[in-house]
$ cat model_0.tsv   # TSV, C-alpha atoms
chain	number	residue	atom	x	y	z
V	1	MET	CA	9.52	-74.23	54.24
V	2	LYS	CA	12.13	-71.93	55.79
V	3	LEU	CA	11.97	-70.84	59.39
V	4	THR	CA	13.20	-67.37	58.40
V	5	ASP	CA	10.15	-66.87	56.17
V	6	THR	CA	7.90	-67.76	59.09
V	7	ILE	CA	9.75	-65.32	61.36
V	8	HIS	CA	9.40	-62.47	58.86
V	9	ARG	CA	5.70	-63.15	58.43
V	10	TYR	CA	4.69	-63.39	62.11
V	11	GLN	CA	7.39	-61.38	63.87
V	12	GLU	CA	5.22	-58.38	64.71
V	13	THR	CA	2.31	-60.39	66.12
V	14	PHE	CA	4.76	-62.63	67.96
V	15	PHE	CA	6.39	-59.70	69.77
V	16	ALA	CA	3.00	-58.14	70.51
V	17	LYS	CA	1.73	-61.31	72.17
V	18	TYR	CA	4.82	-62.79	73.83
V	19	ALA	CA	7.14	-59.83	74.51
V	20	HIS	CA	6.40	-60.01	78.26
V	21	ARG	CA	7.75	-63.59	78.36
V	22	LEU	CA	10.83	-63.14	76.21
V	23	GLN	CA	14.34	-62.90	77.61
V	24	PRO	CA	17.54	-61.56	75.98
V	25	GLN	CA	18.63	-64.97	74.70
V	26	HIS	CA	15.37	-65.33	72.74
V	27	TYR	CA	15.92	-62.07	70.87
V	28	LYS	CA	19.53	-63.03	70.09
V	29	ALA	CA	18.52	-66.47	68.81
V	30	MET	CA	15.86	-65.03	66.52
V	31	ASP	CA	18.17	-62.33	65.21
V	32	ALA	CA	20.93	-64.91	64.55
V	33	THR	CA	18.49	-67.18	62.69
V	34	LEU	CA	17.39	-64.30	60.47
V	35	ALA	CA	21.01	-63.34	59.74
V	36	CYS	CA	22.13	-66.89	58.99
V	37	ARG	CA	23.59	-67.29	55.47
V	38	THR	CA	23.05	-63.63	54.62
V	39	GLU	CA	25.43	-60.72	54.07
V	40	ARG	CA	24.94	-59.74	57.72
V	41	VAL	CA	27.33	-62.51	58.82
V	42	GLY	CA	29.52	-62.50	55.72
V	43	ALA	CA	29.97	-64.81	52.76
V	44	LEU	CA	32.51	-66.79	50.76
V	45	LEU	CA	33.43	-65.89	47.20
V	46	LEU	CA	33.83	-69.14	45.27
V	47	ASN	CA	35.29	-69.98	41.88
V	48	CYS	CA	35.11	-73.15	39.80
V	49	ASP	CA	38.45	-74.12	38.25
V	50	HIS	CA	36.73	-76.18	35.53
V	51	CYS	CA	34.11	-73.81	34.08
V	52	ASN	CA	35.32	-70.56	35.69
V	53	THR	CA	31.93	-69.93	37.32
V	54	THR	CA	31.89	-67.63	40.36
V	55	ALA	CA	29.37	-67.74	43.17
V	56	THR	CA	28.87	-66.55	46.73
V	57	HIS	CA	27.89	-68.69	49.69
V	58	GLY	CA	26.56	-67.07	52.87
V	59	LEU	CA	28.23	-68.00	56.13
V	60	SER	CA	26.27	-69.59	58.95
V	61	CYS	CA	25.42	-67.71	62.13
V	62	GLY	CA	26.80	-70.46	64.38
V	63	HIS	CA	24.01	-70.10	66.93
V	64	ARG	CA	23.16	-73.37	68.66
V	65	SER	CA	19.42	-72.77	68.24
V	66	CYS	CA	19.57	-72.25	64.48
V	67	PRO	CA	18.15	-75.25	62.58
V	68	ARG	CA	20.60	-74.80	59.68
V	69	CYS	CA	23.88	-74.59	61.61
V	70	GLN	CA	26.51	-76.69	63.36
V	71	ASN	CA	26.09	-80.03	61.67
V	72	HIS	CA	29.89	-80.31	61.82
V	73	ASP	CA	29.91	-79.71	65.60
V	74	THR	CA	27.24	-82.35	66.10
V	75	THR	CA	29.25	-84.86	64.09
V	76	CYS	CA	32.41	-84.12	66.09
V	77	TRP	CA	30.57	-84.51	69.43
V	78	LEU	CA	29.10	-87.83	68.34
V	79	GLU	CA	32.53	-89.06	67.25
V	80	ARG	CA	34.09	-88.10	70.60
V	81	GLN	CA	31.35	-89.91	72.49
V	82	SER	CA	31.63	-92.95	70.20
V	83	ASN	CA	35.32	-93.26	71.14
V	84	LYS	CA	34.22	-93.63	74.77
V	85	LEU	CA	31.86	-96.55	74.14
V	86	LEU	CA	32.48	-99.76	76.07
V	87	PRO	CA	31.48	-103.38	75.27
V	88	THR	CA	28.72	-103.40	77.91
V	89	GLU	CA	24.97	-103.04	78.05
V	90	TYR	CA	23.76	-99.45	78.04
V	91	PHE	CA	20.85	-97.77	79.79
V	92	MET	CA	19.02	-94.50	79.33
V	93	VAL	CA	17.71	-92.88	82.51
V	94	THR	CA	15.31	-89.94	82.06
V	95	PHE	CA	14.53	-87.59	84.96
V	96	THR	CA	11.40	-85.49	84.38
V	97	LEU	CA	9.97	-82.57	86.34
V	98	PRO	CA	6.20	-82.49	87.01
V	99	PHE	CA	4.04	-79.94	85.22
V	100	GLU	CA	3.39	-77.96	88.45
V	101	LEU	CA	7.04	-76.81	88.43
V	102	ARG	CA	7.28	-75.76	84.79
V	103	ASP	CA	6.35	-72.11	85.37
V	104	LEU	CA	8.87	-71.85	88.20
V	105	VAL	CA	11.58	-73.42	86.04
V	106	TRP	CA	10.76	-71.08	83.15
V	107	GLN	CA	11.16	-68.01	85.38
V	108	ASN	CA	14.49	-69.25	86.81
V	109	GLN	CA	15.95	-71.17	83.92
V	110	LYS	CA	19.68	-71.06	84.56
V	111	LEU	CA	19.40	-71.88	88.25
V	112	LEU	CA	16.84	-74.66	87.96
V	113	TYR	CA	18.20	-76.23	84.79
V	114	ASP	CA	21.50	-76.61	86.61
V	115	ALA	CA	19.75	-77.92	89.73
V	116	LEU	CA	17.84	-80.42	87.58
V	117	ILE	CA	21.04	-81.83	86.10
V	118	GLN	CA	22.98	-81.86	89.38
V	119	CYS	CA	20.19	-83.59	91.31
V	120	ALA	CA	19.71	-86.21	88.61
V	121	VAL	CA	23.45	-86.86	88.37
V	122	GLY	CA	23.91	-86.96	92.14
V	123	THR	CA	21.07	-89.45	92.49
V	124	LEU	CA	22.56	-91.80	89.90
V	125	LYS	CA	26.06	-91.46	91.34
V	126	ASP	CA	24.93	-92.41	94.86
V	127	PHE	CA	22.84	-95.32	93.58
V	128	GLY	CA	25.92	-96.66	91.81
V	129	ILE	CA	28.06	-96.38	94.94
V	130	ASN	CA	25.47	-97.96	97.27
V	131	ASP	CA	24.29	-100.70	94.92
V	132	LYS	CA	25.15	-104.25	96.04
V	133	LYS	CA	25.95	-105.46	92.52
V	134	LEU	CA	27.96	-102.42	91.48
V	135	GLY	CA	29.26	-100.48	94.45
V	136	GLY	CA	31.58	-98.18	92.51
V	137	LEU	CA	32.03	-95.11	90.36
V	138	LEU	CA	29.69	-94.90	87.39
V	139	GLY	CA	30.33	-93.03	84.19
V	140	PHE	CA	27.56	-91.32	82.25
V	141	THR	CA	26.66	-88.58	79.81
V	142	ALA	CA	23.81	-86.20	80.65
V	143	VAL	CA	21.96	-84.04	78.11
V	144	LEU	CA	19.24	-81.53	78.97
V	145	HIS	CA	16.12	-81.39	76.81
V	146	THR	CA	13.36	-78.82	77.37
V	147	HIS	CA	10.75	-79.91	74.83
V	148	THR	CA	8.42	-82.66	73.80
V	149	ARG	CA	8.13	-83.80	70.20
V	150	ARG	CA	5.11	-81.49	69.95
V	151	LEU	CA	7.49	-78.65	71.00
V	152	ASP	CA	5.73	-78.04	74.35
V	153	PHE	CA	7.84	-76.95	77.33
V	154	HIS	CA	8.85	-80.09	79.19
V	155	PRO	CA	12.27	-79.93	80.94
V	156	HIS	CA	13.94	-83.30	81.47
V	157	VAL	CA	17.40	-84.86	81.49
V	158	HIS	CA	18.50	-87.90	79.48
V	159	ILE	CA	21.46	-89.78	80.96
V	160	ILE	CA	23.29	-92.53	79.07
V	161	VAL	CA	24.86	-95.04	81.49
V	162	PRO	CA	27.17	-97.93	80.53
V	163	GLY	CA	26.54	-101.09	82.56
V	164	GLY	CA	29.66	-101.14	84.69
V	165	CYS	CA	31.59	-99.23	87.31
V	166	VAL	CA	35.05	-98.75	88.79
V	167	ASP	CA	35.81	-99.90	92.33
V	168	LYS	CA	38.67	-97.57	93.25
V	169	ASN	CA	39.42	-99.33	96.53
V	170	ARG	CA	40.01	-102.67	94.82
V	171	LYS	CA	41.18	-101.09	91.56
V	172	GLN	CA	38.67	-103.29	89.81
V	173	TRP	CA	36.24	-102.97	86.89
V	174	LYS	CA	32.81	-104.40	87.67
V	175	LYS	CA	30.58	-105.30	84.75
V	176	LEU	CA	26.83	-105.28	85.33
V	177	LYS	CA	25.16	-108.59	84.57
V	178	GLY	CA	21.71	-108.62	83.03
V	179	LYS	CA	19.54	-105.87	81.60
V	180	TYR	CA	18.41	-104.22	84.84
V	181	LEU	CA	20.09	-101.15	86.32
V	182	PHE	CA	18.10	-99.46	89.13
V	183	ASN	CA	14.52	-99.30	90.37
V	184	ALA	CA	12.86	-96.33	88.67
V	185	PHE	CA	10.48	-95.62	91.58
V	186	ALA	CA	13.36	-95.47	94.07
V	187	LEU	CA	15.25	-93.12	91.74
V	188	ALA	CA	12.19	-90.90	91.46
V	189	ASN	CA	11.71	-90.64	95.25
V	190	VAL	CA	15.32	-89.65	95.89
V	191	PHE	CA	15.40	-87.26	92.94
V	192	ARG	CA	12.18	-85.57	94.10
V	193	ALA	CA	13.53	-84.97	97.61
V	194	ARG	CA	16.83	-83.60	96.34
V	195	PHE	CA	15.33	-81.27	93.77
V	196	LEU	CA	12.79	-79.79	96.18
V	197	ASP	CA	15.57	-79.31	98.72
V	198	ALA	CA	17.68	-77.54	96.07
V	199	VAL	CA	14.79	-75.19	95.24
V	200	ASN	CA	14.33	-74.35	98.92
V	201	LYS	CA	18.05	-73.58	99.29
V	202	ILE	CA	17.79	-71.12	96.40
V	203	ASN	CA	14.93	-69.44	98.33
V	204	LEU	CA	12.37	-69.89	95.58
V	205	ARG	CA	8.69	-70.27	96.41
V	206	LEU	CA	7.32	-73.67	95.48
V	207	PRO	CA	3.74	-74.16	94.24
V	208	HIS	CA	1.19	-75.14	96.89
V	209	THR	CA	0.35	-78.44	95.24
V	210	ILE	CA	3.03	-80.70	93.76
V	211	THR	CA	2.36	-84.29	92.83
V	212	SER	CA	4.20	-86.87	94.90
V	213	ASN	CA	4.53	-89.26	91.96
V	214	TRP	CA	7.48	-88.03	89.91
V	215	VAL	CA	8.51	-89.85	86.76
V	216	VAL	CA	11.93	-91.40	86.19
V	217	ASP	CA	12.32	-93.79	83.28
V	218	CYS	CA	15.16	-96.33	83.35
V	219	VAL	CA	15.30	-98.51	80.24
V	220	HIS	CA	17.79	-100.85	78.64
V	221	VAL	CA	18.90	-99.56	75.22
V	222	GLY	CA	21.39	-102.23	74.19
V	223	GLN	CA	24.41	-100.63	72.56
V	224	GLY	CA	25.11	-97.01	73.33
V	225	LEU	CA	25.53	-95.57	69.83
V	226	PRO	CA	21.79	-95.36	68.92
V	227	ALA	CA	21.08	-93.53	72.19
V	228	LEU	CA	23.92	-91.08	71.54
V	229	LYS	CA	22.58	-90.38	68.05
V	230	TYR	CA	19.17	-89.64	69.57
V	231	LEU	CA	20.69	-87.16	72.04
V	232	SER	CA	22.84	-85.46	69.40
V	233	ARG	CA	19.79	-84.70	67.27
V	234	TYR	CA	18.96	-81.54	69.23
V	235	LEU	CA	22.34	-80.89	70.82
V	236	TYR	CA	23.75	-78.20	68.53
V	237	ARG	CA	20.65	-77.34	66.52
V	238	GLY	CA	17.19	-75.95	67.04
V	239	VAL	CA	14.34	-78.09	68.27
V	240	ILE	CA	12.79	-78.52	64.82
V	241	SER	CA	14.21	-79.22	61.40
V	242	GLU	CA	12.98	-77.09	58.53
V	243	LYS	CA	11.97	-80.21	56.60
V	244	ASN	CA	9.34	-80.86	59.29
V	245	ILE	CA	7.60	-77.52	58.66
V	246	LEU	CA	4.94	-78.62	56.19
V	247	SER	CA	2.83	-75.55	55.37
V	248	ASP	CA	2.09	-71.93	56.20
V	249	ASP	CA	-1.17	-70.43	54.94
V	250	GLY	CA	-0.57	-66.95	56.31
V	251	GLN	CA	-2.33	-67.57	59.61
V	252	ASN	CA	-1.49	-71.11	60.71
V	253	VAL	CA	1.67	-73.20	60.53
V	254	THR	CA	1.58	-76.99	60.29
V	255	PHE	CA	4.54	-79.15	61.28
V	256	GLN	CA	5.06	-82.87	61.70
V	257	TYR	CA	6.62	-84.91	64.48
V	258	LEU	CA	7.12	-88.56	65.33
V	259	ASP	CA	4.74	-89.70	68.05
V	260	SER	CA	6.68	-91.55	70.75
V	261	THR	CA	3.79	-93.93	71.50
V	262	SER	CA	2.47	-94.90	68.08
V	263	LYS	CA	5.83	-94.39	66.29
V	264	LYS	CA	3.89	-92.70	63.48
V	265	LEU	CA	4.23	-89.23	61.98
V	266	GLU	CA	1.64	-86.84	63.38
V	267	THR	CA	0.91	-83.23	62.47
V	268	ARG	CA	0.13	-80.19	64.58
V	269	THR	CA	-1.36	-76.92	63.35
V	270	VAL	CA	-1.03	-73.73	65.42
V	271	LYS	CA	-1.18	-69.99	64.91
V	272	GLY	CA	1.94	-68.57	63.29
V	273	GLU	CA	2.96	-66.47	66.30
V	274	HIS	CA	2.40	-69.43	68.62
V	275	PHE	CA	4.59	-71.60	66.41
V	276	LEU	CA	7.44	-69.11	66.86
V	277	TRP	CA	6.87	-69.25	70.59
V	278	LEU	CA	6.99	-73.06	70.55
V	279	VAL	CA	10.34	-72.91	68.76
V	280	PHE	CA	12.15	-70.11	70.59
V	281	GLN	CA	10.96	-70.82	74.13
V	282	HIS	CA	13.55	-73.62	74.22
V	283	VAL	CA	16.56	-71.35	73.70
V	284	LEU	CA	18.93	-71.96	76.61
V	285	PRO	CA	20.44	-69.18	78.75
V	286	LYS	CA	23.77	-67.78	77.63
V	287	GLY	CA	26.73	-69.95	78.61
V	288	PHE	CA	24.64	-72.89	79.79
V	289	ARG	CA	26.12	-76.30	78.87
V	290	ARG	CA	23.46	-78.70	77.67
V	291	ALA	CA	25.69	-81.83	77.55
V	292	ARG	CA	27.96	-82.91	80.40
V	293	ASP	CA	30.10	-85.99	81.15
V	294	TYR	CA	30.62	-87.48	84.61
V	295	GLY	CA	32.56	-90.22	86.35
V	296	PHE	CA	35.09	-92.14	84.30
V	297	LEU	CA	33.67	-90.49	81.14
V	298	HIS	CA	34.61	-87.00	82.32
V	299	GLY	CA	37.24	-85.12	80.37
V	300	ASN	CA	39.61	-85.18	83.38
V	301	ALA	CA	39.41	-89.00	83.61
V	302	LYS	CA	41.01	-89.84	80.28
V	303	LYS	CA	43.71	-92.02	81.87
V	304	LEU	CA	41.12	-94.00	83.82
V	305	LEU	CA	38.94	-94.48	80.74
V	306	SER	CA	41.96	-95.60	78.70
V	307	LEU	CA	42.79	-98.16	81.38
V	308	ILE	CA	39.20	-99.47	81.34
V	309	GLN	CA	39.28	-99.75	77.57
V	310	TYR	CA	42.60	-101.62	77.79
V	311	VAL	CA	41.18	-104.08	80.33
V	312	LEU	CA	38.10	-104.65	78.15
V	313	SER	CA	40.22	-104.99	74.97
V	314	VAL	CA	38.53	-102.08	73.25
V	315	VAL	CA	40.13	-101.33	69.88
V	316	LEU	CA	39.65	-97.69	68.94
V	317	PRO	CA	39.76	-96.62	65.30
V	318	GLN	CA	42.64	-94.48	64.15
V	319	PRO	CA	41.77	-90.80	64.39
V	320	GLU	CA	41.00	-89.20	61.05
V	321	GLU	CA	41.08	-85.53	60.31
V	322	LYS	CA	37.58	-84.38	59.55
V	323	THR	CA	37.19	-82.16	56.53
V	324	ARG	CA	34.17	-80.04	55.89
V	325	PRO	CA	32.15	-80.77	52.74
V	326	CYS	CA	33.31	-78.87	49.67
V	327	TYR	CA	31.15	-76.48	47.69
V	328	LEU	CA	29.96	-77.83	44.33
V	329	CYS	CA	29.48	-75.81	41.20
V	330	GLN	CA	25.86	-75.59	40.06
V	331	CYS	CA	26.96	-75.64	36.41
V	332	CYS	CA	29.37	-78.57	36.16
V	333	GLY	CA	29.08	-80.18	39.60
V	334	LYS	CA	32.83	-79.93	40.30
V	335	ALA	CA	34.36	-78.71	43.53
V	336	MET	CA	34.77	-74.95	43.87
V	337	SER	CA	37.67	-73.19	45.56
V	338	ILE	CA	37.39	-70.28	48.00
V	339	ILE	CA	38.82	-67.06	46.60
V	340	ARG	CA	38.21	-64.78	49.56
V	341	VAL	CA	35.97	-64.07	52.51
V	342	ILE	CA	33.48	-61.23	52.26
V	343	ARG	CA	33.22	-59.40	55.56
V	344	PRO	CA	29.84	-59.00	57.31
V	345	GLY	CA	27.71	-56.09	56.19

$ encode --input "model_0.tsv" --output "structure tokens"
Amino acid sequence: MKLTDTIHRYQETFFAKYAHRLQPQHYKAMDATLACRTERVGALLLNCDHCNTTATHGLSCGHRSCPRCQNHDTTCWLERQSNKLLPTEYFMVTFTLPFELRDLVWQNQKLLYDALIQCAVGTLKDFGINDKKLGGLLGFTAVLHTHTRRLDFHPHVHIIVPGGCVDKNRKQWKKLKGKYLFNAFALANVFRARFLDAVNKINLRLPHTITSNWVVDCVHVGQGLPALKYLSRYLYRGVISEKNILSDDGQNVTFQYLDSTSKKLETRTVKGEHFLWLVFQHVLPKGFRRARDYGFLHGNAKKLLSLIQYVLSVVLPQPEEKTRPCYLCQCCGKAMSIIRVIRPG
């Protein structure tokens, strides 16, 4: 099943029902998805040197919400993060907003997404400085997610934290012992206070009733690479892969997802226009950075990270130039060469 076919089929009913909730970035994401790999964005004229077969290949739209684009960018991001891995235990800390605030966040996405990340990061940073075992500068990677596996709106931040810190006063690396980082309930209390204070400073009206029990999950994940792969899954792509769209009967769309509790594949069937809403409601505002590095993992701390890796005897692989996959001829299976680029339109 192709997402573009679903868009063409339910586009009119989707706009009729959800136009009052759509913002400019949603229209741009849908238009880019429809134009992806068509003459609207251009194409490549290919030729096979073995059987002299010619073919055209449509260019990708490059939009970060398109499910068929930017596999190369995802691979490059994962490689850069892999070169920052340290021989320590890793933790994933997830800061989640309660359901009472979801409407407010939806109406003020850019402001409150940024406040969500900054409050979560600030909480972790202060816990690292004030902790008796650590007492130093942490390094971590934060990635914003806005969806559940059922594609419902659920803004939260995943933060990958290596088990160690830098004591700048003593110029010392401190490695965390054991598989325990911070108390999740204490993190939740501080995060709640900071986020509500940030909303008040923006002069936004909070709901009358907000639960006092906010959820922060702090779990040990062992090595950091599996957690990074999980975060990269939705980093430069849409929230659903086309292979997970199972059927479309003209009225309802069925898709599958992996249930986080049972670890089994489940299915969900919704109206076609509602399925489009589930997909495109997670398009981020223009210019918003979903993934951010902090502490000794920040881009401006390369010298400090290199020093830490030297102290911990980390051997990095030699950098290799990444080449994009070649285009194969459908007749003989050999690699095809690019003759020229066909301009859009």

$ closest_residue --input "model_0.tsv" --among "V:Ala184, V:Leu112, V:Val166, V:Cys119" --to "V:Leu307" --atoms "only C-alpha atoms"
V:Val166

$ closest_residue --input "model_0.tsv" --among "V:Ser212, V:Asn203, V:Thr13, V:Thr94" --to "V:Ile159" --atoms "all atoms listed in the file"
V:Thr94

$ closest_residue --input "model_0.tsv" --among "V:Arg340, V:Lys229, V:Arg37, V:His274" --to "V:Phe15" --atoms "only C-alpha atoms"
V:His274

$ residues_around --input "model_0.tsv" --residues "V:Gln11" --least-positions-apart "6" --cutoff "10 Å" --atoms "all atoms listed in the file" --output "number ranges by chain"
V: 4-5, 30, 272-273, 276

$ closest_residue --input "model_0.tsv" --among "V:Val105, V:Leu116, V:Val157, V:Leu225" --to "V:Phe195" --atoms "only C-alpha atoms"
V:Leu116

$ closest_residue --input "model_0.tsv" --among "V:Val216, V:Val143, V:Leu235, V:Cys165" --to "V:Lys177" --atoms "all atoms listed in the file"
V:Cys165

$ residues_near_point --input "model_0.tsv" --point "(22.3, -71.1, 69.0)" --cutoff "10 Å" --atoms "all atoms listed in the file" --output "list in words"
Gln25, His26, Lys28, Ala29, Met30, Ala32, Thr33, Cys61, Gly62, His63, Arg64, Ser65, Cys66, Pro67, Cys69, Gln70, Leu235, Tyr236, Arg237, Gly238, Val283, Leu284 and Lys286 of chain V
